[in-house]
Structure formats: structure tokens, C-alpha cells
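Encoded as C-alpha cells, the structure appears first; notes follow it.
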Amino acid sequence: MEGVAREPDVEQSRLFSAWRLRALSRMPYLASTLFAVHLLDVEGLGTMVVDRSWRLYADVAYAADRGPQWASEVLLHECLHLLSEHAARADACAVAERGDHRLSNLAADAEINDDLVAAGCLFIAGEGVLPEHLGCANDRTYEEYLASLRQRKEASPAEPDEASRGEGGEASRGEGGEASRGEGGEASRGEGGEAVPGAPDGTPDTAGTRTTSKRSRRKSAANTVDFGARSAQGCGSGAGGPAASCELAADRTPVPGLDRAQRDLARLRTALDVARAARTRGDVPGGLVAWAGTVLAGSTIPWQRILHGLITQSLNRRRGNLTTTYARPSRRQSAFREVLMPAWVEPHVRVAVVRDTSASMSSSELGRATSEIVAIADRLGVRGRDLLVVDADTRITATRYFRHPHELHRVRGRGGTDMAAAIDETIREHPGIPVVVCITDGYTPWPARRPAGTRVVACITPGGNRTGIPSWVRTVTMAAV
Ligand SMILES: [Zn+2]
């Protein structure tokens, strides 16, 4: 039974300093976060957890038994939960409402652990929850892992195996607001628990038992597999999991926790350090570099003015083209008893953003692209199904609805460039979309014809190529910083 949270004594503080020093030697660019969290000792907790106010609750005696490597890596792991804002993202995904805290914790762990493995964390590599344990590919987002886990949780055990495999993308689109082209489908088709260490499914993989075996493994990956004591207990409310019983109220003494401004400052300082480290050392995980780029890059483009103007023009043109429907009766129907009158329909205002993820886009350009997408979401107040984000190089590699900036840190497709194909396909797949914004360095072919009913905006990175853009494309250029 765990005790109450209390301030560490001198010896416990000394131990914690040693673990923090070891963590710093592995990821020195996380210093601002490592020094911002405040340790509280909880006897019998058997792990470390964080709350939303950046307090770290640790069973110091247990951590001392596990040794400094375990303690330092779990400390880094908890810090990444805080930097990744898993608590806020879990809120955005309605985790509490749907009772998905355990799935949320698994998804959050999977998102950060591959970065920790890339940074050389051996314990995490051996014992942590990794994307492959969830039947998913690396470099996906928390939201994608969660959608995949939810999909498997909700798949009926009686459902035919082929049906649950074939409809992966549909299911995740329907429930989570995710539309992950190819990615979500692949993940859901993956054989969930194949690689789970200690999976309780010992069924021989013979032809006769194969289907049952796969189905139970997939289910177990989401629900019953023990991923180790730490993940089974969760990482606390600061990680998007349920609050541990030892967690204190936000303003509760002995330590009140960090307020919003203090957390934002620590996050910003850490992002600066990560960006600086990425320029001088080669071992900063890519996911962290992308995260820092998004935190740091600001947008100077007046998206509200540009897009509102285009969307209004697009709507006006469509109204002129009879945007009416017979699907529901007109409010004036009673005056025309015999003739069915069409009703006016307000077209749903949506924006699609195609993000050029080809190899010619540098990580800093990708960071700028991502921050422009965030700026579009914030300034127009659009998100979810109103803001579609498409990654593309020579083909579309990922499609999802925007909910949180963290979803955009992972980048798909680093090949050649063909934004013409991506723009055309986006319009074909999402008919009636009023505006497509393409964020690119401009070294790409453009659509041969002006699409009917959709305005196209080219947003060119600083120093990018503005030649060859058709005159009907509205072109804006990002300011150099
Ligand atoms: Zn965790």
C-alpha cells in the first residue's frame, strides 16, 4: 500500500540528484525540464509518476533498489511525458470520458520510448512499451497509437478476423476523428501482440489455431498484456493516465507545483536547448528535434485574412452554382404543398493543408511548416474535421484531422516531390473542400489545371522556389527568421 507524498529527506535528495546527473549526461538538453520537476517521495509506490503540475512522485527506496540506470531513464521518460503534453492531449481525445486511461498511457509511452531508445536508454529498450508491442510502426503519434488501441479494444471478439483487419482505416476515422491513410490501416492490420514480451498467449502457431491466436493476441495487446509494473500502474495524470492516489491537488502544500506560465517557460527553454543541441551533436532524437521546431517557430503569415477571403469567395461562387439540396425540406415547404422545394445548405467550411515532407525539406523547414499549420488552426479557430493535414512527397503518406500540434511532429515520406499529385488527390478524396494550402519549398510540379470550386494557396518556405507556380495559385512566402 502506498504512503502519502512527502518531501524527500537529505539522503533521498542526494540520490535524486545523482539520478538527475546521470539523466543529464545522456540528454543534457533536457536540463530545464529535469530541474523544473519537483521530487516527492511516496513509500510503497513502486514506480515514478508525474502530475499535471510537474510534480514527480517517486518511491525512492524502490528506485534505489532498481539502480541508477533504471532511475535515470524513468526520470527522462516522465520528463518526456510532461514535454509532450500528454495530459492535455488525452483531454483532447476524450480519454476520461471514454474510460481509456490505460490505453492512453500505453499510447503515450509508445510515442516517447522510441525517442529514448534512440538516445541510448537501454532499460527502456529492454522493458519499456514500444510501438512494436502495440503492433504499430515507430515514429507515429500518441493520437495514432491511441486510435489503433481503441479500434482493437472495440473490435468484437466474435467479429470475423478478415473484417476487423480490412476496415482498419474506417474504424479509426469513425471513432477517433483520425483518418490515417495507410498508416492507421497498417497499424491495425499489424498482429497486435506478436512481439509483446511475456504475452500470455502460448497458442502454437499452427494452421488450425492461427486465426484464434491472432485475434486473442491483438485483443491482449490492448487489454490484458502486462507491459511491466511501471506501465501497468500508469505514469500519472501528467502522462495522460489516471491520477495516482498519491497525487496532490494542484495548489496543495508542501509543494504547490508549477503553474501554466512556469511550465510553458520550462518547455520553451528546453526546446531552445534541444534545437541548439541538434545543430552540434548527432544523437538528438528526431522526434524531439521536430517537437522543438514546433515550439520555437512562430508564424508571421496573416492566415485569417488570406483564408477567410478565399473561403468567402469560394462559398459565394458555390452559392451562385446552386448550393441547394432536396435531401431535407425547405423551410418554405408549407407554401408549396405539391412541389418539393430545395433547402439552402451552408457548405461546411474546411481547410486542407498539404505539407511537403520530401527530402529537400530541411528539419527547420518542416518545423516552420508545422507551425504554420498550428497558426491556421489557432487563427481560424478550425480543428478536427475542419482542418485536414496531408503529408506528401511523391505521394500522400499520411492524412489526419488536426487536433493537437504534437500530432504533426512525426513526419512521413522523405522521398522526391510531387505536390501536384498530392493536391489533386486531396481534392478528389475530399470533394467540395474550399481551400487547399500547400506548404512547400517550391521545388515541385504544380497542378496543370485550376480545380473547380477549390482555391489553392502555395505557402513557400524562406528561400524556396517561387518560379513555375501557376497564376491562379495564391502565393505567400514565409518570412526568414
Ligand atoms: Zn510513461
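Scheme for the C-alpha cells: letters A, B, ... for chains in order shown; per-chain residue numbers from 1; ligand numbers from 1 in order shown.
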Neighbours of ligand 1 at 10 Å or closer, counting only C-alpha atoms and all ligand atoms: which residues, as a PyMOL selection string? chain A and resi 48-50+74-82+86+104-113+128-129+230-236+238-241
So that I can check the surroundings of region 302-304 of chain A, please list as a short mmCIF file (atom, residue, chain, number, x, y, z; two decimals) with N, CA and C atoms, in the first residue's frame every protein, DNA and RNA residue that reaches within 8 Å of it, counting only C-alpha atoms and ignoring chain neighbours fewer than 5 positions away.
```cif
data_model
loop_
_atom_site.label_atom_id
_atom_site.label_comp_id
_atom_site.auth_asym_id
_atom_site.auth_seq_id
_atom_site.Cartn_x
_atom_site.Cartn_y
_atom_site.Cartn_z
N ALA A 375 -0.73 27.69 -36.73
CA ALA A 375 -1.23 29.06 -36.84
C ALA A 375 -2.58 29.09 -37.55
N ILE A 376 -2.73 28.29 -38.60
CA ILE A 376 -4.01 28.22 -39.31
C ILE A 376 -5.10 27.75 -38.35
N ARG A 379 -5.69 30.66 -35.65
CA ARG A 379 -6.23 31.93 -36.11
C ARG A 379 -7.59 31.79 -36.76
N LEU A 380 -7.86 30.64 -37.37
CA LEU A 380 -9.19 30.46 -37.94
C LEU A 380 -10.12 29.72 -36.99
#
```
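Taking CA of Leu268 (chain A) and CA of Asp115 (chain A) as endpoints, the distance between them is 19.1 Å.
Nearest to Phe16 (chain A) of all the residues A:Asp59, A:Asp51, A:Pro405, A:Pro28 is A:Asp59, based on only C-alpha atoms.
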As a list in words, please: the residues near Trp291 (chain A) (cut-off 10 Å, only C-alpha atoms, same-chain neighbours under 6 positions excluded). Leu83, Ser84, Ala271, Val274, Ala275, Gly367, Thr370, Pro405, His406, Glu407, Leu408, His409 and Arg410 of chain A
Output C-alpha atoms for every residue in that selection, as a PDB file, in the first residue's frame.
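Dumped to selection_24.pdb:
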```pdb
ATOM      1  CA  LEU A  83       7.112  17.997 -22.510  1.00  0.00           C
ATOM      2  CA  SER A  84       4.796  16.094 -24.849  1.00  0.00           C
ATOM      3  CA  ALA A 271      13.015  23.498 -26.826  1.00  0.00           C
ATOM      4  CA  VAL A 274      17.119  20.813 -27.970  1.00  0.00           C
ATOM      5  CA  ALA A 275      17.336  22.974 -31.124  1.00  0.00           C
ATOM      6  CA  GLY A 367       9.253  22.841 -38.254  1.00  0.00           C
ATOM      7  CA  THR A 370       4.185  22.632 -38.849  1.00  0.00           C
ATOM      8  CA  PRO A 405       0.235  20.237 -32.628  1.00  0.00           C
ATOM      9  CA  HIS A 406       2.001  17.170 -31.276  1.00  0.00           C
ATOM     10  CA  GLU A 407       0.270  15.055 -33.873  1.00  0.00           C
ATOM     11  CA  LEU A 408       2.358  16.777 -36.524  1.00  0.00           C
ATOM     12  CA  HIS A 409       5.807  16.187 -35.073  1.00  0.00           C
ATOM     13  CA  ARG A 410       6.244  12.898 -36.826  1.00  0.00           C
TER      14      ARG A 410
END
```
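Listed by chain and then by rising number, the residues of region 41-157 of chain A that DSSP assigns to strand (DSSP E or B) from the backbone are Asp41, Met48, Val49, Val50, Arg55, Leu56, Tyr57 and Ala58 of chain A.
The coordinates place CA of Phe35 (chain A) at 14.5 Å from CA of Val255 (chain A).
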Near-Ala63 (chain A) list (12 Å; only C-alpha atoms; drop same-chain fewer than 4 positions) as a VMD selection string: chain A and resid 12 15 to 16 18 to 19 41 to 48 57 to 59 67 to 75 230
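When only C-alpha atoms are used to compute distances to Arg22 (chain A), the closest of the residues A:Ala420, A:Cys121, A:Ala243, A:Ala5 turns out to be A:Cys121.
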For Arg466 (chain A), find every residue with an atom within 12 Å (counting only C-alpha atoms), except residues of its own chain fewer than 2 positions away, and show them as a PyMOL selection string. chain A and resi 440-446+458-464+468-471+473-478
Choose the residue, out of A:Gly120, A:Gly135, A:Gly432, A:Gly384, that has the smallest atom-to-atom separation from Val284 (chain A); count only C-alpha atoms. A:Gly120
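Within region 368-420 of chain A, DSSP run on the backbone puts these residues in alpha helix (DSSP H): Arg368, Ala369, Thr370, Ser371, Glu372, Ile373, Val374, Ala375, Ile376, Ala377, Asp378, Arg379, Leu380, Met419 and Ala420 of chain A.
Distance check against Asp378 (chain A) using only C-alpha atoms: of A:Ala398, A:Arg403, A:Ser13, A:Ser148, the minimum falls on A:Arg403.
If you measure from each of A:Ser245, A:Ser358, A:Ser17, A:Thr33 to Ile439 (chain A) using only C-alpha atoms, the closest one turns out to be A:Ser358.
For the pair CA of Ala90 (chain A) and CA of Ala249 (chain A), the separation is 18.9 Å.
Omitting Val117 (chain A) and its sequence neighbours fewer than 6 positions away, and counting only C-alpha atoms, the residues within 10 Å are Glu73, Phe123, Ile124, Ala125, Gly126, Gly128, Leu130 and Pro285 of chain A.
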